Amino acid sequence: MKRASCLLLLGLVAATTGCARRNRDVGVTPGPFDWSTLQGDVRRAGTEERSVPLDPEIAWKVDVGRGLRAEPLVHEGIVVVTGTNRLIAAYSAESGERFWEQRLNASVSGGLLWRNDTLWVATESLGGEISARRLGKGGKYWEEDVGPARFPPLLVGNTIYVGTDGGALIALSALTGARQWRTRLPGGAAATPVPFGDDVVAIGGHDTLYVVAGADGRVLDRIALPAGAAAAPALAGDDLIVPLHNGSLVAVDLRLRELAWEASTGGEILATPIVAADGSVYALTTGGVVLRVPPNEERAEVLADLGGTARGSLTLVRDGLLVGLLDGTLALVQRDGATAWRRDLAGSIVAPVAVWDGAIFVPLLDGKLAKLE
């Protein structure tokens with residue numbers, strides 16, 4: 001009798017857990033939305049016109065699992081996140097309630113892309129793959145083996161480009177996953193690819209930029225860098241802004257195929273630089289120093305020193321720059337260098353935050369996702 005009771009109890013727990021984790025459709029047919037590259041556009045300034053609260057408080061915090069190393073994406077009340085726990089999941093931006101989660105074959109640290117009702121995500125294990133997924137419940141449209149990919153892919157038109165650790169730049173049909181071409185990148189990909197006209201620019205592991213024909217994968221040109229890339233680049237007109245492991249920012253003129261300028265930063269940069277609409281370049285060092293390269297200048301000036309340790313959490317908004325630190329601090333640095341506010345989120349922040357409808361969505365390294373409003 002005791003054994004039967006235990007079995008009944010276990011069955012009830014399992015049934016309850018199953019109901020609690022059941023996937024639900026997001027219930028929204030999204031309008032036009034195109035987040036086709038890291039941080040929304042080639043300037044990494046996809047949230048530049050979005051405002052944030054002036055005195056934010058935590059509205060909710062949910063436990064996604066662990067290892068939120070990539071930016072969350074938010075649109076029309078839906079937050080989509082990926083983690084190193086092999087999950088991709090969608091939540092309500094209003095309440096934090098989970099709509100669905102899907103198990104991937106490996107972890108994700110590079111993030112995902114989102115266009116209308118489709119998501120694309122690449123994994124980083126040895127046998128990594130890229131998949132296209134339905135926004136509704138996260139189910140797969142297609143999946144293709146490409147090898148390990150630590151960086152988010154790039155979507156241009158109906159073609160998706162992904163650079164792999166194994167030393168390849170691969171073009172696939174975004175609609176079907178059919179492979180269009182594959183080009184070797186010596187040393188493996190060191191950053192997410194960038195579009196430039198009809199071409200794609202990739203950074204290899206041997207301190208080299210590769211200009212590749214988007215149509216067929218032919219390597220059109222190689223441009224040597226003074227050192228290896230430390231983070232993904234940003235595009236400022238014809239200039240590709242690349243943070244290097246030697247502690248400098250360089251601008252590579254992609255028209256002339258040559259180095260345009262190099263500015264010392266006084267520290268290592270692991271965050272993707274951001275180019276504002278006025279041409280200012282913003283960067284964040286691992287020492288928590290926010291830098292600004294003024295338009296048409298070749299020097300980096302200190303905008304603010306937050307006095308902590310940072311990695312990749314730098315986001316441009318209408319009110320300034322949102323900066324996340326490893327001690328859990330999220331700060332708003334205004335464009336004049338003043339710190340408008342600081343909040344303690346009690347968890348390391350290593351990825352850019354998301355901003356939507358006046359709220360901030362913060363991914364934490366311990367697997368929590370927090371909303372501030």
# chains A, B, ... in the order shown; residues from 1 in each chain; ligands from 1
$ residues_around --residues "Pro186 (chain A)" --least-positions-apart "5" --cutoff "9 Å" --atoms "only C-alpha atoms" --output "NGL selection string"
:A and (166-168 or 204-206 or 208)
$ write_last_selection --atoms "N, CA and C atoms" --output "mmCIF file, in the first residue's frame"
data_model
loop_
_atom_site.group_PDB
_atom_site.id
_atom_site.type_symbol
_atom_site.label_atom_id
_atom_site.label_comp_id
_atom_site.auth_asym_id
_atom_site.auth_seq_id
_atom_site.Cartn_x
_atom_site.Cartn_y
_atom_site.Cartn_z
ATOM 1 N N GLY A 166 35.426 25.791 -37.108
ATOM 2 C CA GLY A 166 36.192 24.839 -37.906
ATOM 3 C C GLY A 166 36.851 25.441 -39.122
ATOM 4 N N GLY A 167 36.631 26.734 -39.372
ATOM 5 C CA GLY A 167 37.329 27.393 -40.468
ATOM 6 C C GLY A 167 36.524 27.503 -41.734
ATOM 7 N N ALA A 168 35.245 27.869 -41.627
ATOM 8 C CA ALA A 168 34.421 27.987 -42.822
ATOM 9 C C ALA A 168 33.479 29.170 -42.704
ATOM 10 N N GLY A 204 38.927 36.215 -39.951
ATOM 11 C CA GLY A 204 39.489 34.905 -39.637
ATOM 12 C C GLY A 204 40.369 34.953 -38.407
ATOM 13 N N GLY A 205 40.767 33.776 -37.949
ATOM 14 C CA GLY A 205 41.565 33.692 -36.740
ATOM 15 C C GLY A 205 43.012 34.082 -36.902
ATOM 16 N N HIS A 206 43.452 34.332 -38.126
ATOM 17 C CA HIS A 206 44.850 34.686 -38.381
ATOM 18 C C HIS A 206 45.012 36.173 -38.639
ATOM 19 N N THR A 208 43.157 38.448 -40.016
ATOM 20 C CA THR A 208 42.903 38.804 -41.412
ATOM 21 C C THR A 208 41.418 39.012 -41.649
#
$ select_by_dssp --residues "region 155-217 of chain A" --states "strand (DSSP E)" --output "PDB file with N, CA and C atoms, in the first residue's frame"
ATOM      1  N   LEU A 155      21.907  37.525 -41.657  1.00  0.00           N
ATOM      2  CA  LEU A 155      20.826  37.307 -42.605  1.00  0.00           C
ATOM      3  C   LEU A 155      20.773  38.470 -43.580  1.00  0.00           C
ATOM      4  N   VAL A 156      20.911  38.164 -44.870  1.00  0.00           N
ATOM      5  CA  VAL A 156      20.827  39.181 -45.927  1.00  0.00           C
ATOM      6  C   VAL A 156      19.856  38.662 -46.979  1.00  0.00           C
ATOM      7  N   THR A 159      19.297  34.812 -47.693  1.00  0.00           N
ATOM      8  CA  THR A 159      20.518  34.025 -47.474  1.00  0.00           C
ATOM      9  C   THR A 159      21.033  34.267 -46.074  1.00  0.00           C
ATOM     10  N   ILE A 160      21.433  33.194 -45.425  1.00  0.00           N
ATOM     11  CA  ILE A 160      22.005  33.296 -44.094  1.00  0.00           C
ATOM     12  C   ILE A 160      23.455  32.847 -44.164  1.00  0.00           C
ATOM     13  N   TYR A 161      24.350  33.643 -43.557  1.00  0.00           N
ATOM     14  CA  TYR A 161      25.783  33.371 -43.571  1.00  0.00           C
ATOM     15  C   TYR A 161      26.227  33.057 -42.146  1.00  0.00           C
ATOM     16  N   VAL A 162      27.004  31.997 -41.996  1.00  0.00           N
ATOM     17  CA  VAL A 162      27.481  31.619 -40.673  1.00  0.00           C
ATOM     18  C   VAL A 162      28.970  31.279 -40.756  1.00  0.00           C
ATOM     19  N   GLY A 163      29.743  31.839 -39.826  1.00  0.00           N
ATOM     20  CA  GLY A 163      31.166  31.513 -39.730  1.00  0.00           C
ATOM     21  C   GLY A 163      31.367  30.489 -38.633  1.00  0.00           C
ATOM     22  N   THR A 164      32.208  29.491 -38.868  1.00  0.00           N
ATOM     23  CA  THR A 164      32.371  28.404 -37.904  1.00  0.00           C
ATOM     24  C   THR A 164      33.773  28.376 -37.310  1.00  0.00           C
ATOM     25  N   ALA A 168      35.245  27.869 -41.627  1.00  0.00           N
ATOM     26  CA  ALA A 168      34.421  27.987 -42.822  1.00  0.00           C
ATOM     27  C   ALA A 168      33.479  29.170 -42.704  1.00  0.00           C
ATOM     28  N   LEU A 169      33.180  29.781 -43.844  1.00  0.00           N
ATOM     29  CA  LEU A 169      32.073  30.708 -43.991  1.00  0.00           C
ATOM     30  C   LEU A 169      31.091  30.021 -44.914  1.00  0.00           C
ATOM     31  N   ILE A 170      29.866  29.810 -44.441  1.00  0.00           N
ATOM     32  CA  ILE A 170      28.890  29.010 -45.169  1.00  0.00           C
ATOM     33  C   ILE A 170      27.666  29.856 -45.457  1.00  0.00           C
ATOM     34  N   ALA A 171      27.168  29.763 -46.700  1.00  0.00           N
ATOM     35  CA  ALA A 171      25.933  30.442 -47.096  1.00  0.00           C
ATOM     36  C   ALA A 171      24.844  29.405 -47.278  1.00  0.00           C
ATOM     37  N   LEU A 172      23.681  29.664 -46.645  1.00  0.00           N
ATOM     38  CA  LEU A 172      22.544  28.757 -46.719  1.00  0.00           C
ATOM     39  C   LEU A 172      21.302  29.530 -47.128  1.00  0.00           C
ATOM     40  N   SER A 173      20.330  28.828 -47.715  1.00  0.00           N
ATOM     41  CA  SER A 173      19.039  29.429 -47.952  1.00  0.00           C
ATOM     42  C   SER A 173      18.344  29.614 -46.606  1.00  0.00           C
ATOM     43  N   ARG A 179      22.371  24.370 -48.705  1.00  0.00           N
ATOM     44  CA  ARG A 179      23.687  25.010 -48.754  1.00  0.00           C
ATOM     45  C   ARG A 179      23.932  25.598 -50.132  1.00  0.00           C
ATOM     46  N   GLN A 180      24.389  26.864 -50.165  1.00  0.00           N
ATOM     47  CA  GLN A 180      24.671  27.543 -51.425  1.00  0.00           C
ATOM     48  C   GLN A 180      26.157  27.521 -51.752  1.00  0.00           C
ATOM     49  N   TRP A 181      26.982  27.758 -50.734  1.00  0.00           N
ATOM     50  CA  TRP A 181      28.428  27.644 -50.918  1.00  0.00           C
ATOM     51  C   TRP A 181      29.124  27.577 -49.569  1.00  0.00           C
ATOM     52  N   ARG A 182      30.384  27.175 -49.620  1.00  0.00           N
ATOM     53  CA  ARG A 182      31.214  27.079 -48.418  1.00  0.00           C
ATOM     54  C   ARG A 182      32.611  27.559 -48.767  1.00  0.00           C
ATOM     55  N   THR A 183      33.147  28.494 -47.981  1.00  0.00           N
ATOM     56  CA  THR A 183      34.488  29.046 -48.218  1.00  0.00           C
ATOM     57  C   THR A 183      35.343  28.841 -46.975  1.00  0.00           C
ATOM     58  N   ARG A 184      36.590  28.473 -47.194  1.00  0.00           N
ATOM     59  CA  ARG A 184      37.498  28.233 -46.080  1.00  0.00           C
ATOM     60  C   ARG A 184      37.975  29.546 -45.473  1.00  0.00           C
ATOM     61  N   VAL A 194      29.804  40.460 -41.685  1.00  0.00           N
ATOM     62  CA  VAL A 194      29.199  41.778 -41.881  1.00  0.00           C
ATOM     63  C   VAL A 194      28.913  41.969 -43.373  1.00  0.00           C
ATOM     64  N   PRO A 195      27.733  42.483 -43.741  1.00  0.00           N
ATOM     65  CA  PRO A 195      27.463  42.747 -45.159  1.00  0.00           C
ATOM     66  C   PRO A 195      28.104  44.053 -45.601  1.00  0.00           C
ATOM     67  N   PHE A 196      28.568  44.072 -46.861  1.00  0.00           N
ATOM     68  CA  PHE A 196      29.101  45.313 -47.424  1.00  0.00           C
ATOM     69  C   PHE A 196      28.806  45.289 -48.915  1.00  0.00           C
ATOM     70  N   ASP A 199      28.865  42.078 -51.046  1.00  0.00           N
ATOM     71  CA  ASP A 199      29.871  41.189 -50.467  1.00  0.00           C
ATOM     72  C   ASP A 199      29.598  40.931 -48.992  1.00  0.00           C
ATOM     73  N   VAL A 200      30.338  39.995 -48.450  1.00  0.00           N
ATOM     74  CA  VAL A 200      30.296  39.686 -47.026  1.00  0.00           C
ATOM     75  C   VAL A 200      31.723  39.774 -46.497  1.00  0.00           C
ATOM     76  N   VAL A 201      31.898  40.443 -45.357  1.00  0.00           N
ATOM     77  CA  VAL A 201      33.217  40.587 -44.751  1.00  0.00           C
ATOM     78  C   VAL A 201      33.289  39.679 -43.530  1.00  0.00           C
ATOM     79  N   ALA A 202      34.298  38.808 -43.518  1.00  0.00           N
ATOM     80  CA  ALA A 202      34.484  37.885 -42.402  1.00  0.00           C
ATOM     81  C   ALA A 202      35.860  38.110 -41.809  1.00  0.00           C
ATOM     82  N   ILE A 203      35.985  37.869 -40.507  1.00  0.00           N
ATOM     83  CA  ILE A 203      37.277  37.983 -39.831  1.00  0.00           C
ATOM     84  C   ILE A 203      37.739  36.587 -39.465  1.00  0.00           C
ATOM     85  N   GLY A 204      38.927  36.215 -39.951  1.00  0.00           N
ATOM     86  CA  GLY A 204      39.489  34.905 -39.637  1.00  0.00           C
ATOM     87  C   GLY A 204      40.369  34.953 -38.407  1.00  0.00           C
ATOM     88  N   THR A 208      43.157  38.448 -40.016  1.00  0.00           N
ATOM     89  CA  THR A 208      42.903  38.804 -41.412  1.00  0.00           C
ATOM     90  C   THR A 208      41.418  39.012 -41.649  1.00  0.00           C
ATOM     91  N   LEU A 209      41.096  40.083 -42.405  1.00  0.00           N
ATOM     92  CA  LEU A 209      39.751  40.294 -42.917  1.00  0.00           C
ATOM     93  C   LEU A 209      39.649  39.662 -44.302  1.00  0.00           C
ATOM     94  N   TYR A 210      38.541  38.996 -44.550  1.00  0.00           N
ATOM     95  CA  TYR A 210      38.286  38.401 -45.854  1.00  0.00           C
ATOM     96  C   TYR A 210      37.045  39.043 -46.465  1.00  0.00           C
ATOM     97  N   VAL A 211      37.209  39.600 -47.652  1.00  0.00           N
ATOM     98  CA  VAL A 211      36.075  40.135 -48.399  1.00  0.00           C
ATOM     99  C   VAL A 211      35.639  39.043 -49.360  1.00  0.00           C
ATOM    100  N   VAL A 212      34.407  38.569 -49.175  1.00  0.00           N
ATOM    101  CA  VAL A 212      33.910  37.393 -49.882  1.00  0.00           C
ATOM    102  C   VAL A 212      32.697  37.776 -50.728  1.00  0.00           C
ATOM    103  N   ALA A 213      32.639  37.300 -51.963  1.00  0.00           N
ATOM    104  CA  ALA A 213      31.488  37.562 -52.827  1.00  0.00           C
ATOM    105  C   ALA A 213      30.258  36.874 -52.260  1.00  0.00           C
TER     106      ALA A 213
END
$ residues_around --residues "Thr286 (chain A)" --least-positions-apart "6" --cutoff "10 Å" --atoms "only C-alpha atoms" --output "list in words"
Gly267, Glu268, Ile269, Leu270, Ala271, Gly308, Thr309, Ala310, Arg311, Gly312, Leu325 and Leu326 of chain A
$ atom_distance --atom1 "CA of Ile360 (chain A)" --atom2 "CA of Pro53 (chain A)"
8.1 Å
$ closest_residue --among "A:Trp100, A:Tyr282, A:Trp35, A:Phe361" --to "Pro152 (chain A)" --atoms "only C-alpha atoms"
A:Trp35
$ residues_around --residues "Ala122 (chain A)" --least-positions-apart "6" --cutoff "12 Å" --atoms "only C-alpha atoms" --output "VMD selection string"
chain A and resid 70 82 to 84 86 to 88 104 to 113 128 to 133 143 to 154 160 to 165 192
$ closest_residue --among "A:Trp120, A:Arg50, A:Arg222, A:Ala93" --to "Gly177 (chain A)" --atoms "only C-alpha atoms"
A:Trp120
$ closest_residue --among "A:Val42, A:Leu119, A:Val293, A:Val64" --to "Ala263 (chain A)" --atoms "only C-alpha atoms"
A:Val293
$ residues_around --residues "region 314-316 of chain A" --least-positions-apart "3" --cutoff "9 Å" --atoms "only C-alpha atoms" --output "list in words"
Gln39, Arg44, Ala45, Gly46, Thr47, Glu48, Glu49, Arg50, Ala271, Thr272, Pro273, Ile274, Val275, Ala276, Tyr282, Ala283, Leu284, Arg311, Asp319, Gly320, Leu321, Leu322, Val323, Gly324, Ala351, Pro352, Val353, Ala354 and Val355 of chain A
